[in-house]
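Coordinates as given in final24.tsv (TSV, C-alpha atoms):
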```tsv
chain	number	residue	atom	x	y	z
A	250	MET	CA	17.30	3.46	3.26
A	251	HIS	CA	14.93	0.83	4.59
A	252	LYS	CA	12.81	-0.65	1.81
A	253	THR	CA	10.04	-3.16	1.36
A	254	PHE	CA	10.97	-5.99	-0.99
A	255	LEU	CA	8.42	-8.39	-2.43
A	256	PHE	CA	9.67	-11.55	-4.10
A	257	LEU	CA	7.05	-13.28	-6.20
A	258	GLN	CA	8.10	-16.79	-7.15
A	259	THR	CA	5.90	-18.03	-9.99
A	260	ARG	CA	8.12	-20.85	-11.26
A	261	ALA	CA	8.61	-24.39	-10.09
A	262	PRO	CA	11.90	-25.73	-8.73
A	263	LEU	CA	14.38	-26.52	-11.56
A	264	GLU	CA	12.47	-24.16	-13.86
A	265	ALA	CA	13.46	-21.38	-11.51
A	266	GLY	CA	17.01	-21.05	-10.36
A	267	PRO	CA	17.89	-19.93	-6.85
A	268	GLU	CA	18.57	-16.35	-7.98
A	269	ALA	CA	15.38	-14.86	-6.56
A	270	PHE	CA	16.04	-16.50	-3.21
A	271	ASP	CA	19.65	-15.29	-3.24
A	272	LEU	CA	18.36	-11.76	-3.73
A	273	ALA	CA	15.82	-12.20	-0.92
A	274	LEU	CA	18.52	-13.42	1.45
A	275	THR	CA	20.74	-10.49	0.54
A	276	ALA	CA	17.95	-7.98	1.11
A	277	ALA	CA	17.10	-9.62	4.45
A	278	ALA	CA	20.77	-9.50	5.48
A	279	PHE	CA	20.63	-5.74	5.05
A	280	ASP	CA	17.58	-5.54	7.32
A	281	HIS	CA	15.12	-4.66	4.62
A	282	ASP	CA	11.51	-5.73	4.98
A	283	VAL	CA	11.37	-8.88	2.85
A	284	ARG	CA	8.27	-10.76	1.75
A	285	LEU	CA	8.05	-13.90	-0.34
A	286	VAL	CA	4.91	-14.99	-2.16
A	287	LEU	CA	4.61	-18.32	-3.97
A	288	ALA	CA	2.16	-18.27	-6.88
A	289	ASP	CA	1.43	-20.17	-10.11
A	290	ASP	CA	3.92	-23.08	-10.42
A	291	GLY	CA	5.92	-21.45	-7.61
A	292	VAL	CA	3.59	-23.24	-5.18
A	293	HIS	CA	5.44	-26.48	-6.03
A	294	TRP	CA	8.32	-25.20	-3.88
A	295	LEU	CA	6.17	-26.34	-0.96
A	296	ARG	CA	6.49	-30.01	-1.98
A	297	ALA	CA	10.23	-30.31	-1.50
A	298	GLY	CA	10.25	-27.49	0.98
A	299	LEU	CA	11.80	-24.08	0.64
A	300	PRO	CA	15.51	-23.84	1.38
A	301	GLU	CA	16.00	-23.61	5.14
A	302	LEU	CA	18.12	-20.51	4.71
A	303	VAL	CA	15.14	-18.78	3.12
A	304	THR	CA	12.59	-19.76	5.76
A	305	GLU	CA	14.98	-18.62	8.47
A	306	ALA	CA	15.77	-15.25	6.89
A	307	VAL	CA	12.41	-14.32	5.36
A	308	GLU	CA	9.79	-13.80	8.03
A	309	GLN	CA	6.80	-13.14	5.79
A	310	ILE	CA	6.11	-16.02	3.43
A	311	ALA	CA	2.69	-16.56	1.90
A	312	VAL	CA	1.17	-18.73	-0.81
A	313	GLU	CA	-1.52	-17.65	-3.25
A	314	GLN	CA	-4.61	-19.72	-2.60
A	315	GLU	CA	-5.96	-19.65	-6.18
A	316	SER	CA	-2.68	-21.13	-7.44
A	317	LEU	CA	-3.06	-24.02	-4.99
A	318	ALA	CA	-6.70	-24.58	-5.99
A	319	GLU	CA	-5.88	-24.50	-9.73
A	320	ARG	CA	-3.39	-27.33	-9.17
A	321	GLY	CA	-5.59	-29.32	-6.81
A	322	LEU	CA	-3.19	-28.85	-3.93
A	323	ALA	CA	-4.17	-28.64	-0.29
A	324	ALA	CA	-3.26	-25.62	1.77
A	325	PRO	CA	0.07	-26.15	3.51
A	326	GLU	CA	0.34	-26.04	7.26
A	327	GLY	CA	1.98	-23.05	8.83
A	328	ILE	CA	2.09	-20.84	5.75
A	329	PRO	CA	-0.49	-18.05	5.42
A	330	LEU	CA	-2.72	-18.03	2.35
A	331	LEU	CA	-3.08	-14.94	0.22
A	332	ALA	CA	-5.97	-14.20	-2.15
A	333	ARG	CA	-4.96	-13.26	-5.70
A	334	ALA	CA	-7.11	-10.13	-5.43
A	335	ASP	CA	-5.02	-8.98	-2.48
A	336	LEU	CA	-1.76	-9.36	-4.35
A	337	ALA	CA	-2.26	-6.18	-6.40
A	338	GLY	CA	-2.25	-4.06	-3.27
A	339	LEU	CA	0.77	-5.87	-1.89
A	340	LEU	CA	2.66	-5.31	-5.14
A	341	ALA	CA	1.72	-1.63	-5.29
A	342	GLY	CA	2.75	-1.11	-1.67
A	343	SER	CA	6.26	-2.52	-2.15
A	344	ASP	CA	9.33	-0.47	-2.97
A	345	VAL	CA	10.96	-3.24	-4.98
A	346	VAL	CA	9.25	-6.18	-6.67
A	347	VAL	CA	11.25	-9.12	-8.02
A	348	THR	CA	9.35	-11.73	-10.01
A	349	GLY	CA	10.92	-15.11	-10.63
G	1269	MET	CA	2.17	6.86	-3.40
G	1270	THR	CA	3.08	6.24	-6.99
G	1271	ARG	CA	1.51	3.48	-9.03
G	1272	PRO	CA	3.31	0.42	-10.35
G	1273	LEU	CA	4.39	-0.14	-13.94
G	1274	HIS	CA	3.76	-3.67	-15.13
G	1275	MET	CA	6.21	-4.67	-17.82
G	1276	ILE	CA	4.97	-7.64	-19.85
G	1277	HIS	CA	7.84	-9.56	-21.45
G	1278	SER	CA	5.87	-12.46	-22.98
G	1279	ALA	CA	2.35	-13.74	-23.58
G	1280	ALA	CA	2.78	-15.99	-20.53
G	1281	GLY	CA	3.87	-12.92	-18.59
G	1282	LEU	CA	0.55	-11.26	-19.40
G	1283	ASP	CA	-1.29	-14.26	-17.93
G	1284	ARG	CA	0.80	-14.00	-14.76
G	1285	CYS	CA	0.08	-10.28	-14.48
G	1286	LEU	CA	-3.67	-10.38	-15.10
G	1287	GLY	CA	-5.64	-10.67	-11.90
G	1288	ARG	CA	-2.66	-9.40	-9.93
G	1289	ALA	CA	-2.73	-5.80	-11.16
G	1290	ASN	CA	-5.12	-3.08	-10.10
G	1291	ALA	CA	-7.68	-1.88	-12.63
G	1292	ASP	CA	-5.90	1.50	-12.74
G	1293	ALA	CA	-2.58	-0.12	-13.61
G	1294	THR	CA	-0.24	0.95	-16.38
G	1295	LEU	CA	0.99	-1.88	-18.61
G	1296	LEU	CA	3.85	-1.90	-21.08
G	1297	MET	CA	4.26	-4.77	-23.54
G	1298	LEU	CA	7.87	-5.30	-24.58
G	1299	GLU	CA	10.12	-7.96	-26.08
G	1300	ASP	CA	7.91	-10.94	-27.12
G	1301	GLY	CA	5.17	-9.41	-24.99
G	1302	VAL	CA	4.35	-7.16	-27.95
G	1303	TYR	CA	2.70	-10.17	-29.62
G	1304	ALA	CA	0.08	-10.03	-26.86
G	1305	ALA	CA	-0.64	-6.43	-27.90
G	1306	LEU	CA	-1.85	-7.44	-31.37
G	1307	THR	CA	-5.09	-9.11	-30.37
G	1308	SER	CA	-8.01	-7.55	-28.58
G	1309	ARG	CA	-8.38	-8.92	-25.12
G	1310	SER	CA	-10.21	-7.37	-22.26
G	1311	ILE	CA	-7.46	-6.09	-19.99
G	1312	PRO	CA	-8.49	-3.89	-17.09
G	1313	ALA	CA	-5.90	-1.11	-17.06
G	1314	ARG	CA	-5.57	2.64	-16.99
G	1315	ALA	CA	-3.20	2.63	-19.96
G	1316	ILE	CA	-1.56	-0.03	-22.14
G	1317	TYR	CA	1.55	0.64	-24.19
G	1318	ALA	CA	3.70	-1.43	-26.52
G	1319	LEU	CA	7.37	-0.66	-27.15
G	1320	ALA	CA	7.72	0.53	-30.76
G	1321	GLU	CA	11.32	-0.70	-31.12
G	1322	ASP	CA	10.33	-4.22	-30.12
G	1323	LEU	CA	7.42	-4.10	-32.57
G	1324	ALA	CA	9.75	-2.99	-35.36
G	1325	ALA	CA	12.30	-5.69	-34.48
G	1326	ARG	CA	9.55	-8.26	-35.13
G	1327	GLY	CA	8.41	-6.76	-38.42
G	1328	LEU	CA	5.36	-5.19	-36.80
G	1329	SER	CA	4.17	-1.61	-36.70
G	1330	PRO	CA	2.01	0.52	-34.42
G	1331	GLY	CA	-0.83	0.01	-36.92
G	1332	ASP	CA	-0.89	-3.69	-35.97
G	1333	LEU	CA	-1.75	-2.94	-32.34
G	1334	ALA	CA	-5.16	-3.83	-30.94
G	1335	PRO	CA	-7.48	-0.89	-30.25
G	1336	GLY	CA	-6.68	0.88	-27.01
G	1337	ILE	CA	-2.96	0.02	-27.06
G	1338	THR	CA	-0.51	2.83	-27.79
G	1339	ALA	CA	2.96	2.51	-29.30
G	1340	LEU	CA	5.71	4.05	-27.18
G	1341	ASP	CA	9.30	4.91	-28.10
G	1342	MET	CA	12.33	4.32	-25.86
G	1343	LYS	CA	12.17	7.88	-24.54
G	1344	GLY	CA	8.57	7.32	-23.52
G	1345	PHE	CA	9.58	4.07	-21.80
G	1346	VAL	CA	12.14	5.94	-19.72
G	1347	ALA	CA	9.53	8.54	-18.78
G	1348	LEU	CA	7.19	5.75	-17.62
G	1349	THR	CA	9.87	4.19	-15.42
G	1350	VAL	CA	10.52	7.56	-13.79
G	1351	ALA	CA	6.82	8.23	-13.19
G	1352	HIS	CA	5.97	4.80	-11.73
G	1353	SER	CA	7.03	2.71	-8.77
G	1354	PRO	CA	7.58	-0.14	-8.27
G	1355	LEU	CA	8.58	-1.52	-11.67
G	1356	ILE	CA	7.28	-5.06	-12.02
G	1357	ALA	CA	8.59	-7.38	-14.73
G	1358	TRP	CA	6.44	-10.32	-15.82
G	1359	PHE	CA	8.36	-12.94	-17.82
```
Translate this structure into structure tokens?
Amino acid sequence: MHKTFLFLQTRAPLEAGPEAFDLALTAAAFDHDVRLVLADDGVHWLRAGLPELVTEAVEQIAVEQESLAERGLAAPEGIPLLARADLAGLLAGSDVVVTG
Amino acid sequence: MTRPLHMIHSAAGLDRCLGRANADATLLMLEDGVYAALTSRSIPARAIYALAEDLAARGLSPGDLAPGITALDMKGFVALTVAHSPLIAWF
């Protein structure tokens, strides 16, 4: 059955292992609808860049704008911003949510 | 559409969850998250539970819970997971 997966990465590189991304890639390989949101310290993934495999396989990637602002980071180019208030609806509308 | 169940596994997990859950959300504090259920804190939610077994494992009891938070046994936890979707774990 086709499902909507939301992966919420809230941890910085090294703190977070690649497990959440492995899961996202697997879900994408099975043609599920896969979204990735970077929030909290997860926004630091933008510094080194997300793994190329992930950006190729996951079409919908967004970054939470409050998390950027709290860390004094500028909005990245080419990645949509998401308001924290809109995340609740996105979470509720997903079939599977994986937080990392 | 069913509503999500937010499972709070730590005090830090509660911080991650707050602001990202709807005001009609159901929250369950478990593992070290039960420590966050001891102090009154304004949490917008439809219902807040704390897992009784995890309270007991830490030498705590349902009487230690902040007002508005209800102790829940394992059977109740299972019932919550059946009644809600998606299940969201905050570590």
Subject >> Residues within 12 Å of A:Ser343, only C-alpha atoms, excluding chain neighbours under 2 positions, as JSON, numbers by chain >> reply: {"A": [251, 252, 253, 254, 255, 256, 257, 281, 282, 283, 284, 285, 336, 337, 338, 339, 340, 341, 345, 346, 347], "G": [1269, 1270, 1271, 1272, 1353, 1354, 1355, 1356]}
**OP:** Would you list the residues near (-6.3, -8.0, -29.6), meaning any protein, DNA or RNA residue with an atom at most 10 Å from that point in file coordinates, counting only C-alpha atoms, as a VMD selection string?
**Re:** chain G and resid 1303 to 1311 1332 to 1337
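Taking atom CA of A:Pro267 as the reference point, atom CA of A:Phe279 is found at 18.7 Å.
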Subject >> Nearby residues (only C-alpha atoms) at most 6 Å from stretch 309-320 of chain A, same-chain spacing under 3 positions excluded, as a ChimeraX atom specification >> reply: /A:284-289,328-332
Original post:
For chain G against chain A, which residues fall within 12 Å using all atoms listed in the file, given as number ranges by chain?
Top reply: G: 1269-1277, 1280-1281, 1283-1294, 1352-1359
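For the pair atom CA of A:Val303 and atom CA of A:Ala269, the interatomic distance is 10.4 Å.
With atom CA of G:Met1342 on one side and atom CA of G:Ala1313 on the other, the separation reads 21.0 Å.
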**OP:** Please provide as a PyMOL selection string all residues within 10 Å of G:Leu1323, with the sequence filter that same-chain residues fewer than 4 positions apart are discarded (counting all atoms listed in the file).
**Re:** chain G and resi 1297-1303+1305-1306+1318-1319+1327-1330+1332-1333+1339-1340
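Comparing A:Glu326, A:Glu305, A:Asp280, A:Asp290 by their smallest distance to A:Met250, the closest is A:Asp280 (using all atoms listed in the file).
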